[in-house]
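Novice: To be precise about what I am sending: the file is called coords39.txt and holds compact mmCIF, C-alpha atoms.
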```
# COMPACT_ATOMS: atom_id res chain seq x y z
CA MET R 1 169.71 136.91 76.97
CA VAL R 2 170.67 140.42 78.07
CA ALA R 3 174.29 139.33 78.57
CA PHE R 4 174.26 137.71 75.14
CA LEU R 5 172.96 140.88 73.47
CA PHE R 6 175.55 142.98 75.30
CA ARG R 7 178.38 140.71 74.11
CA ARG R 8 177.14 140.74 70.54
CA CYS R 9 176.75 144.53 70.53
CA TRP R 10 180.24 144.95 71.95
CA ASN R 11 181.66 142.60 69.31
CA GLY R 12 179.76 144.55 66.68
CA LEU R 13 181.35 147.82 67.81
CA LEU R 14 184.80 146.22 67.56
CA VAL R 15 184.00 145.01 64.04
CA MET R 16 182.84 148.50 63.04
CA ALA R 17 186.04 150.04 64.44
CA GLY R 18 188.12 147.53 62.46
CA VAL R 19 186.19 148.26 59.27
CA ILE R 20 186.67 152.01 59.72
CA ALA R 21 190.40 151.67 60.28
CA ILE R 22 191.00 149.28 57.36
CA VAL R 23 188.99 151.24 54.79
CA PHE R 24 190.46 154.56 55.95
CA ILE R 25 194.00 153.22 55.66
CA LEU R 26 193.34 151.72 52.21
CA PHE R 27 192.07 155.03 50.86
CA ASN R 28 194.96 156.96 52.34
CA ILE R 29 197.62 154.80 50.65
CA LEU R 30 196.05 155.15 47.18
CA PRO R 31 197.90 157.58 44.87
CA ALA R 32 194.88 159.81 44.25
CA ASP R 33 194.19 163.43 45.07
CA PRO R 34 190.55 164.34 45.83
CA ALA R 35 191.27 168.05 45.43
CA ARG R 36 192.53 167.64 41.85
CA MET R 37 189.59 165.38 41.01
CA MET R 38 187.22 168.05 42.30
CA LEU R 39 188.91 170.87 40.37
CA GLY R 40 189.61 168.95 37.16
CA GLN R 41 192.68 168.90 34.96
CA ARG R 42 193.19 172.68 34.94
CA SER R 43 193.61 173.01 38.68
CA ASP R 44 196.36 175.24 40.00
CA SER R 45 198.54 174.51 43.02
CA ALA R 46 197.09 177.26 45.18
CA SER R 47 193.53 175.98 44.70
CA VAL R 48 194.61 172.41 45.47
CA VAL R 49 196.33 173.54 48.68
CA ALA R 50 193.26 175.59 49.72
CA ILE R 51 190.87 172.66 49.19
CA ASN R 52 193.16 170.23 51.00
CA ARG R 53 193.30 172.64 53.94
CA ASP R 54 189.52 173.06 53.91
CA LEU R 55 188.95 169.28 53.85
CA GLY R 56 191.62 168.65 56.46
CA LEU R 57 193.68 166.58 54.00
CA ASP R 58 196.83 168.53 54.84
CA ARG R 59 197.00 166.77 58.25
CA SER R 60 198.66 163.45 58.92
CA ALA R 61 196.71 160.22 58.31
CA GLY R 62 196.64 159.38 62.03
CA ILE R 63 195.15 162.74 62.98
CA ARG R 64 192.56 162.45 60.19
CA LEU R 65 191.53 159.00 61.45
CA LEU R 66 191.14 160.26 65.04
CA LEU R 67 189.10 163.22 63.86
CA TYR R 68 186.88 160.96 61.77
CA LEU R 69 186.27 158.68 64.75
CA ASN R 70 185.45 161.78 66.78
CA ASP R 71 182.81 162.74 64.21
CA LEU R 72 181.30 159.25 64.26
CA SER R 73 181.20 158.92 68.04
CA PRO R 74 177.88 159.89 69.71
CA LEU R 75 179.88 161.44 72.58
CA SER R 76 182.64 163.60 71.10
CA ILE R 77 184.67 166.78 71.41
CA HIS R 78 183.92 169.65 69.05
CA SER R 79 184.93 173.24 68.60
CA THR R 80 182.51 176.10 69.19
CA ARG R 81 184.42 178.31 66.76
CA SER R 82 185.47 176.16 63.83
CA SER R 83 183.08 175.05 61.08
CA SER R 84 185.58 172.87 59.23
CA ALA R 85 184.89 169.32 58.04
CA PHE R 86 186.32 167.88 61.24
CA PHE R 87 185.32 170.16 64.10
CA LEU R 88 181.60 170.74 63.81
CA ASP R 89 179.65 173.70 65.06
CA PRO R 90 177.15 172.37 67.64
CA GLY R 91 174.77 175.17 66.71
CA LYS R 92 174.14 173.45 63.37
CA TYR R 93 172.55 170.43 65.05
CA ARG R 94 169.14 170.61 66.69
CA HIS R 95 169.70 167.56 68.87
CA THR R 96 173.18 168.47 70.09
CA VAL R 97 173.34 168.66 73.89
CA SER R 98 176.27 170.35 75.58
CA LEU R 99 177.50 168.36 78.57
CA VAL R 100 180.76 169.80 79.89
CA ASN R 101 182.80 172.79 78.82
CA LEU R 102 186.31 171.45 78.41
CA MET R 103 188.06 174.63 77.31
CA GLN R 104 187.14 178.05 76.13
CA ASP R 105 186.47 176.88 72.55
CA LYS R 106 185.91 173.12 73.11
CA VAL R 107 182.76 171.34 74.23
CA LEU R 108 181.78 167.74 74.91
CA VAL R 109 178.55 167.05 72.99
CA LEU R 110 176.03 164.27 72.59
CA LYS R 111 174.97 164.03 68.96
CA ALA R 112 174.04 161.71 66.12
CA PRO R 113 177.02 160.19 64.24
CA TYR R 114 178.20 162.59 61.55
CA LEU R 115 179.30 161.01 58.25
CA ARG R 116 180.53 164.31 56.79
CA ARG R 117 179.82 165.71 53.33
CA SER R 118 180.48 164.43 49.85
CA TYR R 119 183.55 165.93 48.18
CA GLN R 120 181.67 166.22 44.87
CA SER R 121 178.04 167.11 45.59
CA LYS R 122 178.67 168.85 48.97
CA LYS R 123 175.57 167.05 50.32
CA GLU R 124 175.72 165.28 53.66
CA VAL R 125 176.53 161.57 53.30
CA SER R 126 173.66 160.62 55.58
CA GLU R 127 171.28 162.47 53.26
CA LEU R 128 172.66 160.61 50.22
CA LEU R 129 172.28 157.27 52.01
CA PHE R 130 168.68 158.06 53.02
CA GLU R 131 167.94 158.86 49.38
CA LYS R 132 169.50 155.72 47.88
CA PHE R 133 169.13 153.08 50.60
CA PRO R 134 165.33 152.53 50.26
CA GLU R 135 165.67 151.46 46.60
CA THR R 136 168.57 149.10 47.32
CA GLY R 137 166.78 147.78 50.40
CA MET R 138 163.64 147.10 48.36
CA LEU R 139 165.69 145.35 45.68
CA ALA R 140 167.60 143.19 48.19
CA LEU R 141 164.45 142.33 50.15
CA SER R 142 162.56 141.37 46.99
CA ALA R 143 165.45 139.22 45.80
CA MET R 144 165.63 137.55 49.21
CA LEU R 145 161.89 136.83 49.29
CA ILE R 146 162.08 135.25 45.84
CA SER R 147 165.11 133.13 46.72
CA VAL R 148 163.73 132.04 50.12
CA GLY R 149 160.26 131.18 48.83
CA ILE R 150 161.44 129.21 45.80
CA GLY R 151 164.59 127.82 47.48
CA ILE R 152 162.76 126.29 50.46
CA VAL R 153 160.15 124.68 48.20
CA LEU R 154 162.80 123.27 45.83
CA GLY R 155 164.86 122.03 48.78
CA ILE R 156 161.88 120.18 50.30
CA ILE R 157 160.90 118.65 46.95
CA SER R 158 164.50 117.59 46.33
CA ALA R 159 164.80 115.97 49.79
CA LEU R 160 161.45 114.15 49.59
CA HIS R 161 162.29 112.77 46.12
CA LYS R 162 165.97 112.02 46.60
CA ASP R 163 167.83 110.73 43.50
CA SER R 164 164.73 111.20 41.33
CA LEU R 165 164.33 113.36 38.23
CA ALA R 166 162.86 116.17 40.39
CA ASP R 167 165.90 116.01 42.68
CA ARG R 168 168.29 116.26 39.72
CA PHE R 169 166.32 119.17 38.28
CA CYS R 170 166.47 121.09 41.57
CA LEU R 171 170.21 120.42 41.90
CA ALA R 172 170.76 121.59 38.31
CA ILE R 173 169.02 124.90 39.12
CA SER R 174 171.14 125.18 42.26
CA VAL R 175 174.42 124.60 40.44
CA SER R 176 173.47 127.02 37.65
CA GLY R 177 172.66 129.74 40.17
CA VAL R 178 176.04 129.40 41.86
CA ALA R 179 178.03 129.18 38.62
CA LEU R 180 176.38 132.10 36.79
CA PRO R 181 178.07 135.48 37.52
CA SER R 182 175.63 138.23 38.44
CA PHE R 183 176.90 140.69 35.82
CA PHE R 184 176.54 138.09 33.04
CA ALA R 185 173.08 137.05 34.24
CA SER R 186 172.06 140.73 34.35
CA ILE R 187 173.07 141.27 30.72
CA ILE R 188 171.31 138.08 29.55
CA PHE R 189 168.09 138.78 31.45
CA ALA R 190 168.00 142.45 30.41
CA TRP R 191 168.56 141.60 26.75
CA LEU R 192 166.26 138.55 26.64
CA PHE R 193 163.27 139.70 28.70
CA GLY R 194 163.68 143.48 28.41
CA TYR R 195 164.45 143.64 24.67
CA VAL R 196 163.81 140.44 22.69
CA PHE R 197 160.55 139.49 24.45
CA SER R 198 159.65 142.96 25.73
CA SER R 199 156.40 142.94 23.77
CA VAL R 200 155.34 139.83 25.72
CA THR R 201 156.78 140.61 29.16
CA GLY R 202 156.16 144.37 29.09
CA LEU R 203 159.49 144.90 30.89
CA ASN R 204 162.30 147.38 30.20
CA MET R 205 166.01 146.74 29.93
CA THR R 206 166.78 149.49 32.42
CA GLY R 207 164.85 151.51 34.96
CA SER R 208 164.65 152.35 38.63
CA LEU R 209 161.92 152.08 41.25
CA ILE R 210 161.14 155.81 41.16
CA GLU R 211 160.62 157.08 37.62
CA THR R 212 159.73 160.57 36.40
CA ASP R 213 157.03 161.26 33.86
CA PRO R 214 156.62 164.76 32.34
CA PHE R 215 152.84 164.54 32.84
CA ARG R 216 152.45 162.38 36.00
CA GLY R 217 155.59 163.46 37.80
CA ASP R 218 157.36 160.94 40.03
CA TYR R 219 155.76 157.51 40.28
CA ILE R 220 156.69 154.00 41.45
CA ALA R 221 157.47 151.64 38.56
CA TRP R 222 157.07 148.21 40.18
CA LYS R 223 157.74 146.35 36.93
CA ASN R 224 161.33 147.64 36.91
CA LEU R 225 161.90 145.65 40.11
CA ILE R 226 161.17 142.24 38.55
CA LEU R 227 164.30 141.53 36.48
CA PRO R 228 166.98 142.87 38.87
CA ALA R 229 165.31 141.12 41.83
CA ILE R 230 165.29 137.77 40.00
CA VAL R 231 168.92 138.14 38.89
CA LEU R 232 170.08 139.24 42.35
CA GLY R 233 168.23 136.33 43.95
CA LEU R 234 169.73 133.58 41.75
CA ARG R 235 172.79 132.90 43.89
CA PRO R 236 171.06 132.86 47.32
CA LEU R 237 168.31 130.74 45.72
CA ALA R 238 170.90 128.13 44.82
CA ILE R 239 172.50 128.15 48.28
CA ILE R 240 169.16 128.00 50.13
CA THR R 241 168.00 125.09 47.95
CA GLN R 242 171.12 123.06 48.78
CA LEU R 243 171.00 123.92 52.48
CA MET R 244 167.31 123.06 52.76
CA ARG R 245 167.78 119.77 50.92
CA ASN R 246 170.74 118.64 53.03
CA SER R 247 169.17 119.77 56.31
CA MET R 248 165.85 118.12 55.48
CA LEU R 249 167.56 114.83 54.55
CA GLU R 250 169.46 114.89 57.84
CA VAL R 251 166.32 115.52 59.89
CA LEU R 252 164.28 112.90 58.02
CA SER R 253 166.87 110.26 58.92
CA GLN R 254 166.65 110.90 62.69
CA ASP R 255 164.95 108.65 65.22
CA PHE R 256 162.05 110.91 66.16
CA ILE R 257 160.90 110.99 62.51
CA ARG R 258 160.94 107.19 62.33
CA THR R 259 159.01 107.07 65.60
CA ALA R 260 156.38 109.48 64.21
CA ARG R 261 155.99 107.34 61.12
CA ALA R 262 155.69 104.19 63.25
CA LYS R 263 152.85 105.85 65.19
CA GLY R 264 150.97 106.31 61.93
CA ILE R 265 151.20 110.14 61.75
CA PRO R 266 150.45 111.31 58.19
CA GLY R 267 153.48 112.16 56.07
CA LYS R 268 152.42 115.77 55.44
CA ILE R 269 152.18 116.46 59.17
CA ILE R 270 155.59 114.85 59.77
CA VAL R 271 157.18 116.97 57.06
CA MET R 272 155.58 120.33 57.90
CA LYS R 273 155.32 120.13 61.69
CA HIS R 274 158.46 118.19 62.63
CA ALA R 275 161.00 117.98 59.78
CA PHE R 276 160.48 121.44 58.30
CA ARG R 277 160.86 123.37 61.54
CA ASN R 278 163.97 121.44 62.59
CA SER R 279 165.55 122.02 59.18
CA LEU R 280 165.30 125.81 59.25
CA ASN R 281 168.29 126.73 61.45
CA PRO R 282 171.01 126.66 58.73
CA VAL R 283 168.62 128.32 56.29
CA ILE R 284 167.89 131.23 58.68
CA THR R 285 171.60 131.72 59.27
CA ALA R 286 172.18 131.79 55.50
CA ILE R 287 169.32 134.23 54.96
CA SER R 288 170.74 136.74 57.45
CA GLY R 289 174.16 136.60 55.82
CA TRP R 290 172.84 136.74 52.27
CA LEU R 291 170.56 139.71 52.89
CA GLY R 292 173.56 141.76 53.97
CA SER R 293 175.56 140.39 51.02
CA LEU R 294 172.83 141.43 48.59
CA LEU R 295 173.03 145.01 49.89
CA ALA R 296 176.78 145.00 49.35
CA GLY R 297 176.82 142.94 46.15
CA ALA R 298 174.13 144.70 44.13
CA VAL R 299 176.69 146.95 42.42
CA PHE R 300 176.81 145.13 39.06
CA VAL R 301 173.08 144.45 38.99
CA GLU R 302 172.17 148.07 39.78
CA PHE R 303 174.70 149.42 37.29
CA ILE R 304 173.51 147.22 34.40
CA PHE R 305 169.80 147.70 35.06
CA GLY R 306 170.19 151.42 35.80
CA TRP R 307 168.82 150.98 39.32
CA ASN R 308 169.31 154.19 41.30
CA GLY R 309 170.52 152.73 44.60
CA ILE R 310 173.53 152.23 46.85
CA GLY R 311 175.41 150.18 44.24
CA LYS R 312 175.28 152.92 41.65
CA LEU R 313 176.24 155.49 44.27
CA THR R 314 179.23 153.32 45.25
CA VAL R 315 180.52 153.15 41.67
CA THR R 316 180.21 156.93 41.29
CA ALA R 317 181.95 157.59 44.62
CA LEU R 318 184.83 155.23 43.80
CA ASP R 319 185.17 156.86 40.38
CA ASN R 320 185.53 160.29 41.99
CA TYR R 321 187.55 159.12 45.00
CA ASP R 322 184.79 160.47 47.22
CA LEU R 323 186.07 159.07 50.54
CA PRO R 324 183.24 160.25 52.87
CA VAL R 325 180.58 158.65 50.66
CA VAL R 326 182.46 155.35 50.37
CA MET R 327 183.10 155.27 54.11
CA GLY R 328 179.44 156.00 54.82
CA ILE R 329 178.30 153.19 52.52
CA VAL R 330 180.75 150.70 54.05
CA LEU R 331 179.68 151.62 57.59
CA CYS R 332 175.99 151.39 56.70
CA ILE R 333 176.37 147.91 55.16
CA SER R 334 178.57 146.74 58.05
CA LEU R 335 175.92 147.86 60.54
CA VAL R 336 173.26 145.95 58.58
CA PHE R 337 175.43 142.81 58.67
CA ILE R 338 175.88 143.05 62.44
CA LEU R 339 172.19 143.66 63.15
CA LEU R 340 171.12 140.80 60.88
CA ASN R 341 173.53 138.39 62.57
CA ILE R 342 172.18 139.29 66.01
CA LEU R 343 168.59 138.91 64.74
CA SER R 344 169.48 135.53 63.22
CA ASP R 345 170.81 134.26 66.55
CA LEU R 346 167.64 135.39 68.33
CA ILE R 347 165.37 133.70 65.78
CA ASN R 348 167.39 130.48 65.95
CA GLY R 349 167.01 130.54 69.72
CA LEU R 350 163.24 130.85 69.41
CA ILE R 351 163.04 127.95 66.93
CA ASP R 352 165.48 125.55 68.63
CA PRO R 353 165.37 125.36 72.48
CA ARG R 354 168.81 123.71 72.51
CA ILE R 355 170.37 126.97 71.30
CA ARG R 356 168.68 128.90 74.13
CA LEU R 357 170.12 126.44 76.65
CA GLU R 358 173.61 126.84 75.18
```
Just give me the structure as structure tokens.

Specialist:
Amino acid sequence: MVAFLFRRCWNGLLVMAGVIAIVFILFNILPADPARMMLGQRSDSASVVAINRDLGLDRSAGIRLLLYLNDLSPLSIHSTRSSSAFFLDPGKYRHTVSLVNLMQDKVLVLKAPYLRRSYQSKKEVSELLFEKFPETGMLALSAMLISVGIGIVLGIISALHKDSLADRFCLAISVSGVALPSFFASIIFAWLFGYVFSSVTGLNMTGSLIETDPFRGDYIAWKNLILPAIVLGLRPLAIITQLMRNSMLEVLSQDFIRTARAKGIPGKIIVMKHAFRNSLNPVITAISGWLGSLLAGAVFVEFIFGWNGIGKLTVTALDNYDLPVVMGIVLCISLVFILLNILSDLINGLIDPRIRLE
């Protein structure tokens, strides 16, 4: 198990390095100038040159990539003099530990990964992510709980009543969930349940988890979570329903199920104790992948419902060509994907002994 975790962590680091390189290269070949976008249309050449020098954008792309990797690495080389965007001052970090003096003005330090500052707001990217990630995480987790709970139940009902009216109904829901684009579903749900039937549902067309009231101050508006969570969970609900149905049908046709029935074991015990557990492996794998996908794919849903999370922050950063923010979001989501995949493998090993043996 330790060797397995080491291999997966090493593979995850390689994936992260590939993601960093690809996204960095893509943003450096785009014909956009962050300095001019920061200064606006009336920017002069001297100001543009000064900002590019301050941000380190006057260096070659290869040097910028190496310096960015140096900032991300927990063990990295930094300058004790410079306070630029690339060579950090160790005195600014409480947990920075000097290890070896390399030169007169260079030091090898152990630190937390530094994601740099936003070009627009000047706030640290890590601070922006800590502000926005909880709302997106709550939205994705709620959508996943809805899709898993309903999808597993529909999949079991569909498998136990194969080719019946209930089976066709469950498959129709599954197909509709896959075919309906998230942005279109968001508009329909927001208009229908947040406007037309708002007097019945009590829901709003737009709103975030944390709302501000002039009298109460900041408060948690749980009702704003309902519509975006349902819309975001439609597609994984459809996939989980199909996977659960197919896996359950396959397990129910195996010899040990027929043997259990021949021994006179009640059908409910056969389904819940034997068939259900052995049908969960593909569903767990799908859940781990979809939870990461929901974090990355909530852009349209958050934008339409006015949800103040990572998706909305991504749209704003792409609009302003805010490279550090986009890179920080991509790295954060990639890390979530890797951790969820490792967790999925561990859970599958606990459920199915054959996977532990392999």

Novice: Taking 2 positions as the minimum chain separation for residues in the same chain, which residues sit within 8 Å of region 266-283 of chain R when counting all atoms listed in the file? Answer as a list in words.

Specialist: Ile240, Leu243, Met244, Ser247, Met248, Val251, Leu252, Ile257, Ala260, Arg261, Gly264, Thr285, Ala286, Ile287, Asn348, Ile351 and Asp352 of chain R

Novice: Between CA of Asn341 (chain R) and CA of Arg8 (chain R), measure the distance and give it in Å to one decimal.

Specialist: 9.1 Å

Novice: Set the distance at 8 Å and use all atoms listed in the file: which residues neighbour region 292-309 of chain R once local chain neighbours fewer than 6 positions away are removed? I'd like the list as a PyMOL selection string.

Specialist: chain R and resi 132-137+140+182-183+186-187+190+205-209+228+231-232+315+333+336-337+340

Novice: Could you check the closest approach to Ser126 (chain R) for each of R:Leu72, R:Leu203, R:Phe184, R:Leu139 and tell me which residue wins, using all atoms listed in the file?

Specialist: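 That would be R:Leu72, the residue with the smallest distance to Ser126 (chain R).
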
Novice: Quick one: axis-aligned box around all listed atoms of region 136-150 of chain R, 4 Å on every side, centre and edge lengths in Å to one decimal, written as JSON.

Specialist:
```
{"center_x": 164.4, "center_y": 139.2, "center_z": 48.0, "size_x": 16.3, "size_y": 27.9, "size_z": 12.7}
```

Novice: Taking all atoms listed in the file into account, which of R:Met16, R:Ile157, R:Val325, R:Met138 comes nearest Ile220 (chain R)?

Specialist: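 Distance minimum relative to Ile220 (chain R) lands on R:Met138.
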
Novice: What does the structure give for the distance between CA of Val15 (chain R) and CA of Leu339 (chain R), in Å to one decimal?

Specialist: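 Between CA of Val15 (chain R) and CA of Leu339 (chain R) the gap is 11.9 Å.
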
Novice: Name the residues within 8 Å of (159.2, 135.8, 41.1), counting all atoms listed in the file in the file's coordinates, and put them as a compact mmCIF listing (two decimals) with C-alpha atoms, keeping the file's coordinate frame.

Specialist:
```txt
# COMPACT_ATOMS: atom_id res chain seq x y z
CA ILE R 146 162.08 135.25 45.84
CA ILE R 226 161.17 142.24 38.55
CA ILE R 230 165.29 137.77 40.00
```

Novice: Figure out the distance between CA of Ser60 (chain R) and CA of Met327 (chain R), please, to one decimal in Å.

Specialist: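 Separation between CA of Met327 (chain R) and CA of Ser60 (chain R): 18.2 Å.
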
Novice: I'd like to know which of R:Ser199, R:Ser253, R:Ser118, R:Ser334 is closest to Ala317 (chain R), using only C-alpha atoms.

Specialist: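 Closest residue, counting only C-alpha atoms: R:Ser118.
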
Novice: Just checking: using all atoms listed in the file, which residue out of R:Gln120, R:Asn11, R:Gln242, R:Asn70 ends up closest to Leu55 (chain R)?

Specialist: R:Gln120

Novice: So which one's closest to Thr316 (chain R), R:Asn52, R:Ala17, R:Ile329, R:Arg258? Using only C-alpha atoms, please.

Specialist: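 For Thr316 (chain R), the nearest of the given residues is R:Ile329.
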